[in-house]
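Just query_27.txt here, compact mmCIF, C-alpha atoms:
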```
# COMPACT_ATOMS: atom_id res chain seq x y z
CA MET A 7 -62.50 85.13 20.00
CA THR A 8 -64.01 85.27 23.47
CA GLU A 9 -64.65 87.97 26.02
CA SER A 10 -62.13 86.60 28.48
CA LYS A 11 -59.23 86.79 26.03
CA ALA A 12 -57.46 90.08 26.39
CA GLU A 13 -54.94 89.31 23.70
CA THR A 14 -57.41 89.84 20.88
CA ALA A 15 -58.52 93.15 22.34
CA SER A 16 -54.94 94.38 22.64
CA GLN A 17 -54.10 93.61 19.00
CA PRO A 18 -53.34 96.65 16.82
CA ALA A 19 -56.21 97.96 14.73
CA LYS A 20 -54.41 97.58 11.39
CA GLU A 21 -54.25 93.81 11.81
CA LEU A 22 -58.01 93.66 12.24
CA LEU A 23 -58.84 95.84 9.22
CA ALA A 24 -58.32 94.16 5.86
CA LEU A 25 -58.78 97.09 3.43
CA ASN A 26 -56.77 97.50 0.27
CA PRO A 27 -53.98 100.11 0.39
CA LYS A 28 -55.86 102.32 -2.10
CA GLN A 29 -59.11 102.10 -0.09
CA GLU A 30 -57.26 102.81 3.14
CA SER A 31 -55.56 105.92 1.71
CA GLU A 32 -58.86 107.20 0.31
CA PHE A 33 -60.54 106.61 3.61
CA LYS A 34 -57.90 108.56 5.51
CA LYS A 35 -58.19 111.46 3.06
CA LYS A 36 -61.95 111.59 3.54
CA LEU A 37 -61.53 111.68 7.31
CA GLN A 38 -59.00 114.47 7.19
CA ASP A 39 -61.12 116.53 4.80
CA SER A 40 -64.23 116.15 6.93
CA LYS A 41 -62.40 117.19 10.10
CA LYS A 42 -60.81 120.20 8.33
CA ASN A 43 -64.18 121.37 7.07
CA LYS A 44 -65.66 121.17 10.55
CA SER A 45 -62.72 123.09 12.06
CA ARG A 46 -62.88 125.81 9.37
CA LYS A 47 -66.53 126.41 9.93
CA GLY A 48 -65.92 126.62 13.66
CA HIS A 49 -68.91 124.50 14.44
CA ARG A 50 -68.93 122.04 17.27
CA LEU A 51 -68.66 118.38 16.25
CA THR A 52 -71.99 116.59 16.35
CA PRO A 53 -71.84 112.89 17.19
CA GLY A 54 -73.13 110.31 14.73
CA VAL A 55 -74.55 106.85 15.40
CA ILE A 56 -74.29 103.88 13.05
CA TYR A 57 -75.99 100.51 13.07
CA VAL A 58 -73.77 97.47 12.47
CA GLY A 59 -75.56 94.20 11.73
CA HIS A 60 -74.84 90.63 10.69
CA LEU A 61 -71.81 90.45 12.96
CA PRO A 62 -69.85 87.17 13.02
CA LEU A 63 -69.69 85.03 16.15
CA GLY A 64 -67.01 85.83 18.69
CA LEU A 65 -67.09 89.63 18.35
CA PHE A 66 -67.92 91.34 21.63
CA GLU A 67 -67.54 94.83 23.08
CA PRO A 68 -63.71 94.89 23.42
CA GLN A 69 -63.12 93.57 19.89
CA LEU A 70 -65.70 95.88 18.30
CA LYS A 71 -64.39 98.95 20.08
CA SER A 72 -60.77 98.26 19.10
CA TYR A 73 -61.90 97.62 15.52
CA PHE A 74 -63.93 100.81 15.05
CA GLU A 75 -61.48 103.07 16.89
CA GLN A 76 -59.22 102.98 13.81
CA PHE A 77 -61.85 105.07 11.96
CA GLY A 78 -62.21 107.70 14.64
CA LYS A 79 -62.96 108.34 18.27
CA VAL A 80 -65.70 106.01 19.58
CA LEU A 81 -67.78 107.67 22.28
CA ARG A 82 -70.16 104.83 23.10
CA LEU A 83 -70.81 101.30 21.88
CA ARG A 84 -73.63 98.96 22.66
CA LEU A 85 -73.80 95.30 21.62
CA SER A 86 -77.26 93.81 21.78
CA ARG A 87 -77.32 90.67 23.93
CA SER A 88 -79.86 88.04 24.86
CA LYS A 89 -81.38 88.39 28.31
CA LYS A 90 -81.79 84.63 28.59
CA THR A 91 -78.31 83.43 27.64
CA GLY A 92 -76.19 86.59 27.53
CA GLY A 93 -74.98 85.79 24.01
CA SER A 94 -74.65 88.28 21.19
CA LYS A 95 -77.66 88.90 18.95
CA GLY A 96 -75.44 89.85 16.02
CA TYR A 97 -75.92 93.63 15.85
CA ALA A 98 -74.53 96.67 17.62
CA PHE A 99 -74.72 100.49 17.74
CA VAL A 100 -71.59 102.63 17.59
CA GLU A 101 -71.46 106.37 18.32
CA PHE A 102 -68.60 108.45 16.85
CA ASP A 103 -67.63 111.96 17.88
CA CYS A 104 -68.27 113.28 14.33
CA ASP A 105 -71.30 112.55 12.15
CA GLU A 106 -69.20 112.88 8.98
CA VAL A 107 -66.92 110.11 10.24
CA ALA A 108 -69.98 107.96 10.95
CA LYS A 109 -71.20 108.44 7.36
CA ILE A 110 -67.80 107.47 5.91
CA VAL A 111 -67.63 104.39 8.18
CA ALA A 112 -71.12 103.33 7.11
CA GLU A 113 -70.24 103.64 3.43
CA THR A 114 -66.95 101.79 3.88
CA MET A 115 -68.19 98.93 6.08
CA ASN A 116 -71.52 98.25 4.37
CA ASN A 117 -71.42 94.83 2.58
CA TYR A 118 -67.89 94.31 3.90
CA LEU A 119 -66.88 90.64 4.18
CA MET A 120 -65.87 89.72 7.71
CA GLY A 121 -65.73 86.20 9.10
CA GLU A 122 -67.65 84.76 6.10
CA ARG A 123 -70.43 87.30 6.64
CA LEU A 124 -71.38 90.49 4.84
CA ILE A 125 -71.56 93.31 7.37
CA LYS A 126 -74.60 95.57 7.10
CA CYS A 127 -73.98 99.13 8.20
CA HIS A 128 -75.94 102.38 7.90
CA VAL A 129 -76.25 105.73 9.65
CA ILE A 130 -79.12 106.30 12.07
CA PRO A 131 -80.65 109.79 11.81
CA PRO A 132 -80.37 111.87 15.01
CA GLU A 133 -84.15 112.11 15.37
CA LYS A 134 -84.45 108.30 15.38
CA VAL A 135 -81.78 107.72 18.03
CA HIS A 136 -83.56 106.78 21.25
CA GLU A 137 -82.46 108.60 24.38
CA LYS A 138 -82.00 105.31 26.24
CA LEU A 139 -80.13 103.55 23.44
CA PHE A 140 -76.77 103.59 25.20
CA VAL A 141 -78.01 103.21 28.77
CA GLY A 142 -75.72 100.79 30.59
CA SER A 143 -73.25 100.58 27.72
CA GLN A 144 -70.40 101.84 29.90
CA ARG A 145 -70.81 99.04 32.43
CA GLU A 146 -68.90 95.82 31.96
CA PHE A 147 -71.19 93.01 30.91
CA LYS A 148 -71.61 90.10 33.33
CA LYS A 149 -73.25 86.87 32.31
CA PRO A 150 -76.47 86.06 34.22
CA SER A 151 -75.78 83.79 37.17
CA HIS A 152 -79.22 82.17 36.95
CA PRO A 153 -80.32 82.39 33.29
CA ALA A 154 -83.87 81.78 32.18
CA VAL A 155 -82.95 78.56 30.33
CA ALA A 156 -81.75 76.99 33.58
CA ARG A 157 -84.89 78.21 35.37
CA TYR A 158 -87.20 76.69 32.77
CA ASN A 159 -85.36 73.34 32.61
CA LYS A 160 -84.83 72.82 36.33
CA LYS A 161 -86.33 69.79 38.07
CA ARG A 162 -89.54 70.54 39.95
CA THR A 163 -91.33 68.71 42.73
CA ALA A 164 -94.81 67.24 42.36
CA GLU A 165 -96.25 70.13 44.36
CA GLN A 166 -94.64 72.72 42.08
CA ILE A 167 -95.89 70.87 38.97
CA THR A 168 -99.49 70.81 40.26
CA LYS A 169 -99.24 74.50 41.15
CA MET A 170 -97.99 75.30 37.65
CA GLN A 171 -100.76 73.24 36.05
CA ASP A 172 -103.43 75.03 38.11
CA LYS A 173 -102.00 78.40 37.08
CA LEU A 174 -102.00 77.47 33.38
CA LEU A 175 -105.55 76.13 33.57
CA ARG A 176 -106.76 79.33 35.27
CA LYS A 177 -105.16 81.49 32.58
CA GLU A 178 -106.66 79.29 29.87
CA SER A 179 -110.15 79.51 31.38
CA LYS A 180 -109.85 83.31 31.50
CA LEU A 181 -108.82 83.31 27.84
CA ARG A 182 -111.85 81.23 26.89
CA LYS A 183 -114.13 83.60 28.78
CA ARG A 184 -112.63 86.62 27.01
CA LEU A 185 -113.14 84.97 23.63
CA ALA A 186 -116.74 84.15 24.50
CA ALA A 187 -117.32 87.72 25.70
CA HIS A 188 -116.18 89.06 22.33
CA GLY A 189 -118.49 86.64 20.53
CA ILE A 190 -115.71 84.45 19.13
CA ASP A 191 -116.73 80.82 18.83
CA TYR A 192 -113.36 79.09 18.85
CA ASP A 193 -112.65 75.78 20.57
CA PHE A 194 -109.13 74.49 21.15
CA PRO A 195 -107.76 71.65 23.32
CA GLY A 196 -105.25 73.75 25.23
CA PHE A 197 -103.63 72.63 28.47
CA ALA A 198 -106.79 70.93 29.73
CA ALA A 199 -106.40 68.17 27.11
CA GLN A 200 -102.82 67.47 28.23
CA VAL A 201 -103.62 67.12 31.93
CA PRO A 202 -104.40 63.44 32.76
CA PRO A 203 -107.88 62.86 34.23
CA LYS A 204 -108.09 62.33 37.97
CA LYS A 205 -108.69 58.73 39.07
CA GLU A 206 -111.93 58.22 40.97
CA SER A 207 -111.73 56.46 44.32
CA SER A 208 -113.15 52.96 44.87
CA ASP A 209 -115.83 54.30 47.25
CA SER A 210 -117.15 56.67 44.62
CA MET A 211 -117.27 53.82 42.09
CA ASN A 212 -119.42 51.68 44.42
CA VAL A 213 -121.99 54.38 45.14
CA SER A 214 -125.21 54.17 43.16
CA THR A 215 -126.18 57.19 41.08
CA CYS A 216 -129.90 56.68 41.72
CA SER A 217 -129.88 56.54 45.51
CA ASP A 218 -127.68 57.12 48.50
CA ASP A 219 -127.22 53.39 49.11
CA THR A 220 -124.12 51.66 47.93
CA THR A 221 -124.52 49.19 45.13
CA PRO A 222 -123.65 45.56 45.93
CA VAL A 223 -120.39 44.35 44.55
CA CYS A 224 -120.16 40.67 43.54
CA THR A 225 -116.69 40.37 42.15
CA PRO A 226 -114.72 37.16 42.86
CA SER A 227 -112.24 39.01 45.05
CA VAL A 228 -115.03 40.44 47.20
CA LEU A 229 -116.68 37.01 47.55
CA GLU A 230 -113.42 35.43 48.67
CA ARG A 231 -112.95 38.22 51.19
CA ARG A 232 -116.42 37.59 52.59
CA LYS A 233 -115.72 33.89 52.95
CA SER A 234 -112.53 34.56 54.88
CA MET A 235 -114.26 36.94 57.30
CA VAL A 236 -115.85 35.10 60.28
CA VAL A 237 -118.09 37.18 62.49
CA ASP A 238 -119.64 35.86 65.72
CA GLY A 239 -123.43 35.96 65.98
CA GLU A 240 -123.93 36.42 62.27
CA SER A 241 -124.85 33.72 59.83
CA ASP A 242 -123.56 33.65 56.32
CA ASP A 243 -126.38 34.33 53.86
CA GLU A 244 -124.54 32.77 50.98
CA ILE A 245 -125.86 29.47 49.62
CA ILE A 246 -123.21 26.90 48.95
CA ILE A 247 -124.21 23.85 46.89
CA LYS A 248 -122.12 20.78 47.56
CA MET A 249 -121.87 18.29 44.72
CA PRO A 250 -121.51 14.54 45.55
CA ALA A 251 -118.09 13.08 45.17
CA VAL A 252 -117.46 11.05 42.06
CA GLU A 253 -116.91 7.29 42.78
CA LYS A 254 -114.05 5.41 41.30
CA ASP A 255 -114.44 3.31 38.20
CA GLU A 256 -113.59 0.12 40.10
CA GLU A 257 -116.47 0.55 42.57
CA CYS A 258 -118.86 1.14 39.71
CA SER A 259 -117.74 -2.02 37.91
CA SER A 260 -118.06 -4.14 41.08
CA GLU A 261 -121.59 -2.87 41.69
CA ASP A 262 -122.56 -3.73 38.14
CA GLU A 263 -121.27 -7.31 38.55
CA ASP A 264 -123.27 -7.77 41.80
CA ASP A 265 -126.45 -6.59 40.10
CA ASP A 266 -125.94 -9.02 37.23
CA SER A 267 -125.39 -12.01 39.54
CA ALA A 268 -128.47 -11.14 41.59
CA SER A 269 -130.63 -11.06 38.50
CA GLU A 270 -129.37 -14.46 37.28
CA GLU A 271 -129.97 -16.47 40.56
CA PRO A 272 -133.84 -16.57 40.48
CA CYS A 273 -133.74 -17.89 37.00
CA GLY A 274 -131.58 -20.88 38.07
CA GLU A 275 -133.89 -21.82 41.01
CA GLY A 276 -136.94 -21.82 38.73
CA ALA A 277 -135.27 -24.28 36.41
CA LYS A 278 -134.49 -26.71 39.29
CA ALA A 279 -138.09 -26.58 40.53
CA GLU A 280 -139.36 -27.58 37.20
```

Whole structure given in structure tokens:
Amino acid sequence: MTESKAETASQPAKELLALNPKQESEFKKKLQDSKKNKSRKGHRLTPGVIYVGHLPLGLFEPQLKSYFEQFGKVLRLRLSRSKKTGGSKGYAFVEFDCDEVAKIVAETMNNYLMGERLIKCHVIPPEKVHEKLFVGSQREFKKPSHPAVARYNKKRTAEQITKMQDKLLRKESKLRKRLAAHGIDYDFPGFAAQVPPKKESSDSMNVSTCSDDTTPVCTPSVLERRKSMVVDGESDDEIIIKMPAVEKDEECSSEDEDDDSASEEPCGEGAKAE
């Protein structure tokens, strides 16, 4: 059953009620007797309110009103609904024109099986009925056009997210101050632990904590940048050590042979002189 279907609401009441023939006849007798007693006494009928809980899904105002009208005249009916989604909360309040009828309905419908659920029903005393219980019950219900679920799950911009974070952090700091003012020593991570830390800029990283001067940076990337920068009128203070080039193996072997031949020639001349 849904609210939009008018067929279910227009169904006769006897099809909705599934009482045994004996129970139905007894119920009708009780209603007639209670109305006769009220008319004999000449008193004015006092309305009675019942609470109906554990309602099955799909029962809304039209279906509930057509169902309970078979017991007697229904003056007002209010189905409790969720403000976020507009769905039924599973309980309602029904006001009958006669309190005796309300008592009989409560006795008959309590623990009654409907839609695989046991209906819970009892009479609410007149002194416990709030004056604003049925406020707005006569108006036709309209589903919220912009429900809270859609508001909470909507996509937000970076500016809106930062604004929300600042608001949550302010509320959390006020809560911590209130706890401290009452002498409660309680530490909790809260929203502050979930917010990522802000990244420090490169300039703030290069500033020395001991003085106002910036600390020298000697990373390889900075050194390469300095080498590429050529400024007129300024000399580079960096010291570059140039290593001699490594000679080939062939040149080394030729030099060794020349040295050996030079050392052998004086020895040969000395032998001829002798």

Minimum-distance residue to Val135 (chain A), chosen among A:Val80, A:Val111, A:Ile56, A:Leu51 (using only C-alpha atoms): A:Ile56

Quick one: everything within 9 Å of Glu113 (chain A), counting only C-alpha atoms, minus sequence neighbours fewer than 5 positions away in the same chain. Send it as a compact mmCIF listing (two decimals) with C-alpha atoms, in the frame of the given file.
```txt
# COMPACT_ATOMS: atom_id res chain seq x y z
CA ALA A 108 -69.98 107.96 10.95
CA CYS A 127 -73.98 99.13 8.20
CA HIS A 128 -75.94 102.38 7.90
CA VAL A 129 -76.25 105.73 9.65
```

Shortest interatomic distance to Asp172 (chain A) - which of A:Tyr158, A:Phe197, A:Tyr57, A:Phe147, counting only C-alpha atoms: A:Phe197

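For the pair CA of Gln200 (chain A) and CA of Ser179 (chain A), the interatomic distance is 14.4 Å.
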
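Remark: for Pro132 (chain A), the closest of the candidate residues A:Thr52, A:Phe66, A:Pro203, A:Lys161 is A:Thr52 (distances computed over only C-alpha atoms).
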
Distance of CA of Lys71 (chain A) from CA of Arg84 (chain A), expressed in Å to one decimal place: 9.6 Å

All residues 12 Å or closer to region 142-146 of chain A, only C-alpha atoms, same chain fewer than 2 positions away omitted, as a list in words: Glu9, Ser10, Phe66, Glu67, Pro68, Lys71, Leu81, Arg82, Leu83, Arg84, Leu85, Ser86, Arg87, Ala98, Phe99, Val100, Glu101, Lys138, Leu139, Phe140, Lys148 and Lys149 of chain A

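The gap separating CA of Leu70 (chain A) from CA of Lys95 (chain A) is 13.9 Å, in Å to one decimal.
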
Protein and nucleic acid residues near (-69.2, 85.4, 15.0) (cut-off 12 Å, only C-alpha atoms) as a PyMOL selection string: chain A and resi 7-8+59-66+69-70+93-97+120-125
